[in-house]
$ cat upload34.cif   # mmCIF, C-alpha atoms
data_upload
#
loop_
_atom_site.label_atom_id
_atom_site.label_comp_id
_atom_site.auth_asym_id
_atom_site.auth_seq_id
_atom_site.Cartn_x
_atom_site.Cartn_y
_atom_site.Cartn_z
CA MET N 1 -21.40 -12.86 8.53
CA THR N 2 -23.19 -11.73 5.37
CA ILE N 3 -21.79 -8.85 3.31
CA HIS N 4 -24.31 -7.19 1.01
CA LYS N 5 -22.51 -6.08 -2.14
CA ASN N 6 -22.40 -2.36 -2.73
CA PRO N 7 -21.71 -1.21 -6.33
CA LEU N 8 -19.94 1.87 -4.95
CA VAL N 9 -17.26 -0.34 -3.38
CA LYS N 10 -14.63 -0.14 -6.11
CA PRO N 11 -11.05 1.08 -6.60
CA PHE N 12 -10.42 4.64 -5.43
CA VAL N 13 -7.01 4.91 -7.16
CA LYS N 14 -5.91 4.36 -10.74
CA TRP N 15 -3.38 1.55 -11.08
CA ALA N 16 -1.22 0.36 -13.96
CA GLY N 17 -2.05 -3.30 -14.59
CA GLY N 18 -5.39 -3.00 -12.80
CA LYS N 19 -7.80 -5.92 -13.32
CA ARG N 20 -11.10 -4.03 -13.57
CA GLN N 21 -11.51 -4.70 -17.30
CA LEU N 22 -10.68 -8.38 -16.77
CA LEU N 23 -13.19 -8.95 -13.95
CA PRO N 24 -15.76 -10.83 -16.09
CA GLU N 25 -13.09 -13.32 -17.17
CA ILE N 26 -11.49 -13.62 -13.71
CA LYS N 27 -14.85 -14.27 -12.04
CA ARG N 28 -15.48 -17.25 -14.31
CA TYR N 29 -12.77 -19.12 -12.37
CA LEU N 30 -13.80 -18.11 -8.84
CA PRO N 31 -15.90 -20.31 -6.54
CA SER N 32 -19.51 -19.26 -6.04
CA LYS N 33 -18.90 -18.48 -2.35
CA ILE N 34 -15.72 -16.99 -0.91
CA LYS N 35 -15.22 -16.47 2.81
CA ASP N 36 -11.47 -15.82 3.01
CA TYR N 37 -9.61 -13.98 0.25
CA TYR N 38 -5.84 -13.32 0.18
CA GLU N 39 -4.14 -10.91 -2.20
CA PRO N 40 -0.39 -10.31 -1.61
CA PHE N 41 -0.05 -7.59 -4.30
CA VAL N 42 -3.33 -5.70 -4.08
CA GLY N 43 -2.61 -2.57 -6.15
CA GLY N 44 -5.89 -0.82 -6.91
CA GLY N 45 -7.86 -3.74 -5.44
CA ALA N 46 -10.26 -4.29 -8.36
CA VAL N 47 -10.80 -7.99 -7.62
CA PHE N 48 -11.13 -7.96 -3.84
CA LEU N 49 -13.35 -4.85 -3.86
CA ASP N 50 -15.62 -6.49 -6.44
CA ILE N 51 -15.84 -9.81 -4.56
CA GLN N 52 -16.55 -8.09 -1.21
CA CYS N 53 -16.09 -11.28 0.81
CA PRO N 54 -16.30 -11.28 4.64
CA HIS N 55 -12.59 -11.82 5.35
CA PRO N 56 -10.24 -10.23 2.79
CA VAL N 57 -6.50 -10.14 3.59
CA ILE N 58 -4.46 -7.73 1.48
CA ASN N 59 -0.83 -6.73 1.17
CA ASP N 60 1.42 -4.69 -1.11
CA PHE N 61 5.11 -3.80 -1.22
CA ASN N 62 4.11 -0.14 -1.66
CA ASP N 63 3.84 1.10 1.93
CA GLU N 64 2.28 4.43 0.87
CA LEU N 65 -0.51 2.48 -0.84
CA ILE N 66 -1.13 0.28 2.22
CA ASN N 67 -1.10 3.36 4.44
CA THR N 68 -3.80 4.84 2.18
CA TYR N 69 -6.01 1.75 2.52
CA LEU N 70 -5.69 1.97 6.31
CA VAL N 71 -6.53 5.69 6.36
CA VAL N 72 -9.62 5.04 4.21
CA ARG N 73 -10.67 2.60 6.92
CA ASP N 74 -9.79 4.68 9.96
CA ASP N 75 -10.02 8.37 9.01
CA VAL N 76 -12.01 8.74 5.80
CA ASP N 77 -13.69 12.06 6.71
CA SER N 78 -10.38 13.81 7.40
CA LEU N 79 -8.97 12.28 4.23
CA ILE N 80 -11.83 13.70 2.15
CA HIS N 81 -11.35 17.11 3.78
CA LEU N 82 -7.68 17.17 2.75
CA LEU N 83 -8.47 15.93 -0.77
CA LYS N 84 -10.89 18.82 -1.23
CA LYS N 85 -8.04 21.20 -0.34
CA HIS N 86 -5.81 19.51 -2.93
CA GLU N 87 -8.60 19.75 -5.50
CA LEU N 88 -9.00 23.47 -4.83
CA ASN N 89 -5.25 24.11 -5.15
CA ASN N 90 -4.60 21.76 -8.07
CA SER N 91 -2.13 23.11 -10.62
CA SER N 92 1.17 22.09 -12.14
CA ASP N 93 3.14 24.10 -9.56
CA TYR N 94 1.09 22.68 -6.67
CA TYR N 95 1.54 19.12 -7.97
CA TYR N 96 5.33 19.44 -7.99
CA GLN N 97 5.25 21.06 -4.56
CA MET N 98 3.37 18.03 -3.18
CA ARG N 99 5.54 15.58 -5.10
CA ALA N 100 8.67 17.10 -3.53
CA TRP N 101 7.70 15.87 -0.05
CA ASP N 102 9.75 12.69 -0.51
CA ARG N 103 12.77 14.77 -1.58
CA THR N 104 12.79 17.30 1.24
CA GLY N 105 12.03 15.04 4.22
CA GLU N 106 8.56 16.57 4.54
CA LEU N 107 6.86 13.20 4.03
CA GLN N 108 8.30 11.81 7.27
CA LYS N 109 6.94 14.82 9.21
CA ARG N 110 3.37 14.33 8.01
CA SER N 111 0.54 12.28 9.52
CA ASN N 112 -0.70 9.07 7.92
CA THR N 113 -3.82 10.90 6.73
CA GLU N 114 -1.79 13.69 5.11
CA ARG N 115 0.39 11.10 3.38
CA ALA N 116 -2.68 9.24 2.12
CA ALA N 117 -4.26 12.45 0.76
CA ARG N 118 -1.01 13.26 -1.03
CA PHE N 119 -0.84 9.74 -2.46
CA ILE N 120 -4.38 9.91 -3.90
CA TYR N 121 -3.86 13.47 -5.19
CA LEU N 122 -0.65 12.53 -7.04
CA ASN N 123 -2.32 9.37 -8.36
CA LYS N 124 -5.32 11.30 -9.74
CA THR N 125 -3.33 14.14 -11.29
CA GLY N 126 -0.05 12.50 -12.34
CA PHE N 127 0.54 11.36 -15.91
CA ASN N 128 -1.60 8.28 -16.72
CA GLY N 129 -2.13 7.55 -13.01
CA LEU N 130 1.31 5.97 -12.81
CA PHE N 131 3.22 5.18 -9.62
CA ARG N 132 6.91 5.32 -10.50
CA VAL N 133 9.96 6.13 -8.43
CA ASN N 134 13.60 6.92 -9.21
CA SER N 135 16.68 5.16 -7.81
CA GLN N 136 16.24 7.08 -4.53
CA GLY N 137 12.66 5.88 -4.10
CA GLN N 138 11.21 9.32 -4.97
CA ILE N 139 8.08 9.67 -7.11
CA ASN N 140 9.10 11.04 -10.52
CA VAL N 141 5.82 10.96 -12.48
CA PRO N 142 5.17 14.29 -14.28
CA TYR N 143 1.99 16.33 -13.97
CA GLY N 144 -0.81 14.93 -16.11
CA ARG N 145 -2.58 18.14 -17.19
CA TYR N 146 -6.09 16.68 -17.01
CA LYS N 147 -8.95 19.13 -17.59
CA ASN N 148 -11.11 17.88 -14.73
CA PRO N 149 -9.41 15.14 -12.65
CA ALA N 150 -11.67 13.25 -10.22
CA ILE N 151 -9.60 13.96 -7.11
CA VAL N 152 -12.41 13.59 -4.57
CA ASN N 153 -14.89 10.73 -4.89
CA GLU N 154 -16.72 10.92 -1.58
CA GLU N 155 -19.30 8.22 -2.31
CA VAL N 156 -16.70 5.62 -3.25
CA LEU N 157 -14.37 6.47 -0.35
CA HIS N 158 -17.22 6.26 2.18
CA ALA N 159 -18.48 3.00 0.67
CA VAL N 160 -15.03 1.38 0.76
CA SER N 161 -14.53 2.58 4.33
CA LEU N 162 -17.84 1.06 5.43
CA TYR N 163 -17.01 -2.23 3.72
CA HIS N 164 -13.67 -2.27 5.47
CA LYS N 165 -15.32 -1.79 8.87
CA ALA N 166 -17.79 -4.60 8.16
CA THR N 167 -14.96 -7.12 7.75
CA LYS N 168 -12.53 -8.55 10.27
CA ASN N 169 -9.02 -8.52 8.82
CA TRP N 170 -9.07 -5.98 5.99
CA GLY N 171 -5.80 -4.09 5.88
CA MET N 172 -4.17 -4.88 9.20
CA ALA N 173 -3.70 -8.54 8.38
CA GLY N 174 -2.48 -7.43 4.97
CA MET N 175 0.52 -5.97 6.71
CA GLY N 176 1.48 -9.33 8.13
CA SER N 177 0.48 -12.35 10.14
CA GLN N 178 2.41 -11.32 13.25
CA ARG N 179 4.40 -8.42 14.66
CA VAL N 180 7.93 -9.28 15.78
CA HIS N 181 10.69 -6.84 16.79
CA GLY N 182 8.71 -3.88 15.49
CA ILE N 183 7.95 -5.32 12.03
CA ASN N 184 4.59 -6.63 10.78
CA TYR N 185 5.45 -9.91 9.02
CA MET N 186 3.32 -11.92 6.62
CA ASN N 187 4.09 -15.62 6.45
CA VAL N 188 3.41 -16.43 2.80
CA ARG N 189 4.51 -20.07 2.84
CA GLY N 190 2.84 -21.31 5.99
CA TRP N 191 4.30 -23.06 9.02
CA MET N 192 6.84 -25.83 8.74
CA GLN N 193 6.85 -28.90 11.00
CA GLU N 194 9.43 -27.34 13.33
CA ALA N 195 7.77 -24.93 15.77
CA GLY N 196 7.88 -21.37 14.54
CA ASP N 197 9.67 -22.12 11.27
CA GLY N 198 8.57 -20.38 8.07
CA ASP N 199 9.32 -17.69 5.48
CA PHE N 200 8.26 -14.17 6.42
CA TYR N 201 8.10 -10.86 4.59
CA GLY N 202 7.65 -7.48 6.24
CA LEU N 203 7.57 -3.83 5.15
CA HIS N 204 10.09 -1.60 6.90
CA THR N 205 12.08 1.62 6.44
CA GLU N 206 15.86 1.85 6.42
CA ASN N 207 17.80 5.08 5.75
CA GLY N 208 14.58 6.73 4.59
CA GLN N 209 13.86 4.02 2.01
CA SER N 210 10.98 1.53 1.97
CA VAL N 211 12.35 -2.02 2.03
CA LEU N 212 11.03 -5.57 2.16
CA VAL N 213 12.59 -7.51 5.03
CA LEU N 214 12.98 -11.26 4.51
CA ALA N 215 13.05 -13.39 7.67
CA GLN N 216 13.10 -17.10 8.53
CA GLY N 217 13.00 -19.48 11.44
CA ALA N 218 11.57 -19.31 14.92
CA GLY N 219 12.84 -15.76 15.57
CA PRO N 220 12.01 -14.95 12.91
CA TRP N 221 15.55 -13.87 12.03
CA VAL N 222 16.35 -11.48 9.20
CA SER N 223 17.92 -13.23 6.22
CA GLY N 224 17.94 -10.34 3.76
CA VAL N 225 16.68 -6.89 2.83
CA ALA N 226 15.13 -6.21 -0.59
CA TRP N 227 15.54 -2.69 -1.99
CA LYS N 228 13.53 -0.93 -4.69
CA THR N 229 16.47 -0.46 -7.06
CA PRO N 230 19.69 -2.36 -7.94
CA GLN N 231 21.69 0.74 -7.02
CA LEU N 232 20.35 0.81 -3.46
CA ALA N 233 20.82 -2.94 -3.10
CA GLN N 234 24.46 -2.61 -4.14
CA GLN N 235 25.02 0.41 -1.88
CA TYR N 236 23.87 -1.50 1.22
CA LYS N 237 25.06 -4.93 0.12
CA HIS N 238 27.07 -5.72 3.27
CA LYS N 239 25.20 -3.49 5.73
CA LYS N 240 23.68 -4.93 8.91
CA PHE N 241 21.07 -2.63 10.40
CA LYS N 242 20.94 -2.17 14.16
CA ASP N 243 17.14 -2.19 14.32
CA LEU N 244 16.83 -5.60 12.62
CA TYR N 245 17.03 -8.93 14.44
CA TYR N 246 19.66 -11.28 12.98
CA GLN N 247 20.24 -14.85 14.13
CA ASP N 248 23.76 -14.10 15.41
CA ASP N 249 22.26 -11.36 17.64
CA GLN N 250 20.89 -14.00 20.04
#
$ encode --input "upload34.cif" --output "structure tokens"
Amino acid sequence: MTIHKNPLVKPFVKWAGGKRQLLPEIKRYLPSKIKDYYEPFVGGGAVFLDIQCPHPVINDFNDELINTYLVVRDDVDSLIHLLKKHELNNSSDYYYQMRAWDRTGELQKRSNTERAARFIYLNKTGFNGLFRVNSQGQINVPYGRYKNPAIVNEEVLHAVSLYHKATKNWGMAGMGSQRVHGINYMNVRGWMQEAGDGDFYGLHTENGQSVLVLAQGAGPWVSGVAWKTPQLAQQYKHKKFKDLYYQDDQ
């Protein structure tokens, strides 16, 4: 399959540590033709959206970011409609009202498209386009007070959505190589000689917090849970969660 490069396919969020300014240097070390491209920590996606290869596979620990990529693929028109509402209502008070969703439980009640629109709105209007959370996993970036923030970029969102639909694995494979016991796992090491053996990583939610589940073996069986902060990791240090599949559960 041939993908014709579209200059409008580019990052639709601001991202600290983004590689857009480094693209000329990065591209010096890339092969002339790329069919399959894997990026485990995609962020704003500057490199993979510039390459526009036929089979990109992306992932990120930030589940709100990955949800946003999937909504851009599946529901871009509704997303743009919601972003226009955010743009119309944009103010300091409105920003903090939207930011509070992860403090009040409102975020869990909202659709994937509503969550994605919130994510882009906070990204475009928060201070320096940062994504930062406190020890409870709640966004704590202050309002940025921009004069004219570019909250809705219809051309870019439509172009990225069309590129997504022209490829095979964009997004879904980024969530993992297989779904087991309700979790989409990505096998980042590959398969060992023993059937089914490997190291797997999957995004999940426990007690309202986004976590990275580590699993191994033919199950795969959960070997650990990575939390966003040391405080949360210590709090749940000896906890076994009922919805996870441990080897001694066989």
$ resolve_selection --input "upload34.cif" --expression "the PyMOL selection byres ((chain N and resi 101-111) around 12)" --output "PyMOL selection string"
chain N and resi 64+67-68+71+75+78-79+82+94-100+112-119+122+133-134+136-140+205+207-210
$ write_last_selection --input "upload34.cif" --atoms "C-alpha atoms" --output "PDB file, in the frame of the given file"
ATOM      1  CA  GLU N  64       2.280   4.430   0.870  1.00  0.00           C
ATOM      2  CA  ASN N  67      -1.100   3.360   4.440  1.00  0.00           C
ATOM      3  CA  THR N  68      -3.800   4.840   2.180  1.00  0.00           C
ATOM      4  CA  VAL N  71      -6.530   5.690   6.360  1.00  0.00           C
ATOM      5  CA  ASP N  75     -10.020   8.370   9.010  1.00  0.00           C
ATOM      6  CA  SER N  78     -10.380  13.810   7.400  1.00  0.00           C
ATOM      7  CA  LEU N  79      -8.970  12.280   4.230  1.00  0.00           C
ATOM      8  CA  LEU N  82      -7.680  17.170   2.750  1.00  0.00           C
ATOM      9  CA  TYR N  94       1.090  22.680  -6.670  1.00  0.00           C
ATOM     10  CA  TYR N  95       1.540  19.120  -7.970  1.00  0.00           C
ATOM     11  CA  TYR N  96       5.330  19.440  -7.990  1.00  0.00           C
ATOM     12  CA  GLN N  97       5.250  21.060  -4.560  1.00  0.00           C
ATOM     13  CA  MET N  98       3.370  18.030  -3.180  1.00  0.00           C
ATOM     14  CA  ARG N  99       5.540  15.580  -5.100  1.00  0.00           C
ATOM     15  CA  ALA N 100       8.670  17.100  -3.530  1.00  0.00           C
ATOM     16  CA  ASN N 112      -0.700   9.070   7.920  1.00  0.00           C
ATOM     17  CA  THR N 113      -3.820  10.900   6.730  1.00  0.00           C
ATOM     18  CA  GLU N 114      -1.790  13.690   5.110  1.00  0.00           C
ATOM     19  CA  ARG N 115       0.390  11.100   3.380  1.00  0.00           C
ATOM     20  CA  ALA N 116      -2.680   9.240   2.120  1.00  0.00           C
ATOM     21  CA  ALA N 117      -4.260  12.450   0.760  1.00  0.00           C
ATOM     22  CA  ARG N 118      -1.010  13.260  -1.030  1.00  0.00           C
ATOM     23  CA  PHE N 119      -0.840   9.740  -2.460  1.00  0.00           C
ATOM     24  CA  LEU N 122      -0.650  12.530  -7.040  1.00  0.00           C
ATOM     25  CA  VAL N 133       9.960   6.130  -8.430  1.00  0.00           C
ATOM     26  CA  ASN N 134      13.600   6.920  -9.210  1.00  0.00           C
ATOM     27  CA  GLN N 136      16.240   7.080  -4.530  1.00  0.00           C
ATOM     28  CA  GLY N 137      12.660   5.880  -4.100  1.00  0.00           C
ATOM     29  CA  GLN N 138      11.210   9.320  -4.970  1.00  0.00           C
ATOM     30  CA  ILE N 139       8.080   9.670  -7.110  1.00  0.00           C
ATOM     31  CA  ASN N 140       9.100  11.040 -10.520  1.00  0.00           C
ATOM     32  CA  THR N 205      12.080   1.620   6.440  1.00  0.00           C
ATOM     33  CA  ASN N 207      17.800   5.080   5.750  1.00  0.00           C
ATOM     34  CA  GLY N 208      14.580   6.730   4.590  1.00  0.00           C
ATOM     35  CA  GLN N 209      13.860   4.020   2.010  1.00  0.00           C
ATOM     36  CA  SER N 210      10.980   1.530   1.970  1.00  0.00           C
TER      37      SER N 210
END
$ resolve_selection --input "upload34.cif" --expression "the PyMOL selection byres ((chain N and resi 11) around 6)" --output "PyMOL selection string"
chain N and resi 10+12-13+44-46
$ closest_residue --input "upload34.cif" --among "N:Ala226, N:Leu157, N:Val47, N:Ile120" --to "Leu23 (chain N)" --atoms "all atoms listed in the file"
N:Val47
$ residues_around --input "upload34.cif" --residues "region 238-241 of chain N" --least-positions-apart "6" --cutoff "10 Å" --atoms "all atoms listed in the file" --output "list of chain:residue names"
N:Glu206, N:Asn207, N:Val222, N:Gly224, N:Val225
$ atom_distance --input "upload34.cif" --atom1 "CA of Val213 (chain N)" --atom2 "CA of Trp227 (chain N)"
9.0 Å
$ decode --input "upload34.cif" --residues "region 199-232 of chain N" --atoms "N, CA, C and O atoms" --output "compact mmCIF listing (two decimals), in the first residue's frame"
# COMPACT_ATOMS: atom_id res chain seq x y z
N ASP N 199 7.64 -10.87 27.82
CA ASP N 199 7.37 -9.77 28.75
C ASP N 199 6.30 -8.88 28.15
O ASP N 199 6.43 -8.42 27.01
N PHE N 200 5.26 -8.61 28.91
CA PHE N 200 4.12 -7.86 28.41
C PHE N 200 3.84 -6.65 29.29
O PHE N 200 4.05 -6.69 30.50
N TYR N 201 3.33 -5.60 28.64
CA TYR N 201 2.97 -4.38 29.35
C TYR N 201 1.59 -3.95 28.87
O TYR N 201 1.33 -3.91 27.67
N GLY N 202 0.70 -3.64 29.81
CA GLY N 202 -0.65 -3.23 29.44
C GLY N 202 -1.17 -2.10 30.30
O GLY N 202 -0.89 -2.04 31.51
N LEU N 203 -1.92 -1.17 29.69
CA LEU N 203 -2.55 -0.08 30.42
C LEU N 203 -3.83 -0.58 31.07
O LEU N 203 -4.59 -1.33 30.48
N HIS N 204 -4.07 -0.13 32.31
CA HIS N 204 -5.22 -0.60 33.06
C HIS N 204 -5.60 0.49 34.07
O HIS N 204 -4.88 1.49 34.22
N THR N 205 -6.71 0.31 34.76
CA THR N 205 -7.13 1.24 35.81
C THR N 205 -7.41 0.47 37.08
O THR N 205 -8.14 -0.53 37.06
N GLU N 206 -6.81 0.90 38.18
CA GLU N 206 -7.07 0.31 39.49
C GLU N 206 -7.35 1.45 40.48
O GLU N 206 -6.60 2.43 40.55
N ASN N 207 -8.44 1.30 41.22
CA ASN N 207 -8.83 2.31 42.22
C ASN N 207 -8.85 3.72 41.63
O ASN N 207 -8.42 4.69 42.27
N GLY N 208 -9.30 3.84 40.38
CA GLY N 208 -9.42 5.13 39.73
C GLY N 208 -8.12 5.70 39.21
O GLY N 208 -8.09 6.83 38.71
N GLN N 209 -7.03 4.94 39.27
CA GLN N 209 -5.72 5.41 38.83
C GLN N 209 -5.25 4.63 37.61
O GLN N 209 -5.44 3.41 37.53
N SER N 210 -4.65 5.32 36.66
CA SER N 210 -4.05 4.65 35.50
C SER N 210 -2.77 3.96 35.92
O SER N 210 -1.91 4.57 36.57
N VAL N 211 -2.63 2.69 35.57
CA VAL N 211 -1.44 1.93 35.96
C VAL N 211 -0.90 1.18 34.74
O VAL N 211 -1.61 0.98 33.75
N LEU N 212 0.34 0.77 34.84
CA LEU N 212 0.96 -0.09 33.83
C LEU N 212 1.12 -1.47 34.44
O LEU N 212 1.83 -1.62 35.44
N VAL N 213 0.43 -2.45 33.86
CA VAL N 213 0.48 -3.82 34.37
C VAL N 213 1.61 -4.57 33.68
O VAL N 213 1.69 -4.57 32.44
N LEU N 214 2.49 -5.17 34.46
CA LEU N 214 3.58 -5.98 33.94
C LEU N 214 3.19 -7.45 34.05
O LEU N 214 2.73 -7.90 35.10
N ALA N 215 3.35 -8.20 32.96
CA ALA N 215 2.96 -9.61 32.96
C ALA N 215 4.01 -10.43 32.23
O ALA N 215 4.73 -9.92 31.38
N GLN N 216 4.08 -11.73 32.57
CA GLN N 216 5.07 -12.64 31.98
C GLN N 216 4.46 -14.01 31.78
O GLN N 216 3.42 -14.34 32.35
N GLY N 217 5.15 -14.81 30.97
CA GLY N 217 4.80 -16.20 30.83
C GLY N 217 3.66 -16.46 29.87
O GLY N 217 3.19 -15.58 29.15
N ALA N 218 3.20 -17.70 29.87
CA ALA N 218 2.20 -18.14 28.91
C ALA N 218 0.81 -17.64 29.23
O ALA N 218 -0.07 -17.68 28.38
N GLY N 219 0.58 -17.14 30.46
CA GLY N 219 -0.74 -16.67 30.85
C GLY N 219 -1.32 -15.58 29.98
O GLY N 219 -2.37 -15.77 29.38
N PRO N 220 -0.67 -14.40 29.82
CA PRO N 220 0.44 -14.03 30.70
C PRO N 220 -0.05 -13.72 32.11
O PRO N 220 -1.18 -13.29 32.28
N TRP N 221 0.82 -13.94 33.10
CA TRP N 221 0.47 -13.72 34.49
C TRP N 221 1.06 -12.41 34.98
O TRP N 221 2.18 -12.05 34.63
N VAL N 222 0.30 -11.71 35.79
CA VAL N 222 0.73 -10.41 36.31
C VAL N 222 1.89 -10.59 37.28
O VAL N 222 1.84 -11.39 38.21
N SER N 223 2.96 -9.83 37.03
CA SER N 223 4.12 -9.88 37.90
C SER N 223 4.32 -8.59 38.68
O SER N 223 5.14 -8.53 39.60
N GLY N 224 3.59 -7.53 38.30
CA GLY N 224 3.72 -6.28 39.03
C GLY N 224 2.80 -5.21 38.44
O GLY N 224 2.29 -5.35 37.33
N VAL N 225 2.60 -4.17 39.23
CA VAL N 225 1.79 -3.03 38.80
C VAL N 225 2.60 -1.77 39.03
O VAL N 225 3.08 -1.52 40.14
N ALA N 226 2.78 -0.96 37.97
CA ALA N 226 3.55 0.27 38.07
C ALA N 226 2.59 1.45 38.21
O ALA N 226 1.68 1.63 37.39
N TRP N 227 2.82 2.26 39.25
CA TRP N 227 1.98 3.42 39.53
C TRP N 227 2.66 4.70 39.08
O TRP N 227 3.87 4.73 38.85
N LYS N 228 1.90 5.79 39.00
CA LYS N 228 2.44 7.04 38.49
C LYS N 228 3.30 7.78 39.51
O LYS N 228 4.10 8.64 39.14
N THR N 229 3.13 7.47 40.79
CA THR N 229 3.90 8.18 41.82
C THR N 229 4.43 7.19 42.84
O THR N 229 3.83 6.12 43.06
N PRO N 230 5.54 7.51 43.53
CA PRO N 230 6.06 6.65 44.59
C PRO N 230 5.06 6.47 45.73
O PRO N 230 5.01 5.40 46.35
N GLN N 231 4.27 7.51 46.00
CA GLN N 231 3.30 7.43 47.09
C GLN N 231 2.24 6.37 46.82
O GLN N 231 1.88 5.58 47.70
N LEU N 232 1.74 6.34 45.57
CA LEU N 232 0.73 5.34 45.21
C LEU N 232 1.34 3.94 45.22
O LEU N 232 0.70 2.98 45.65
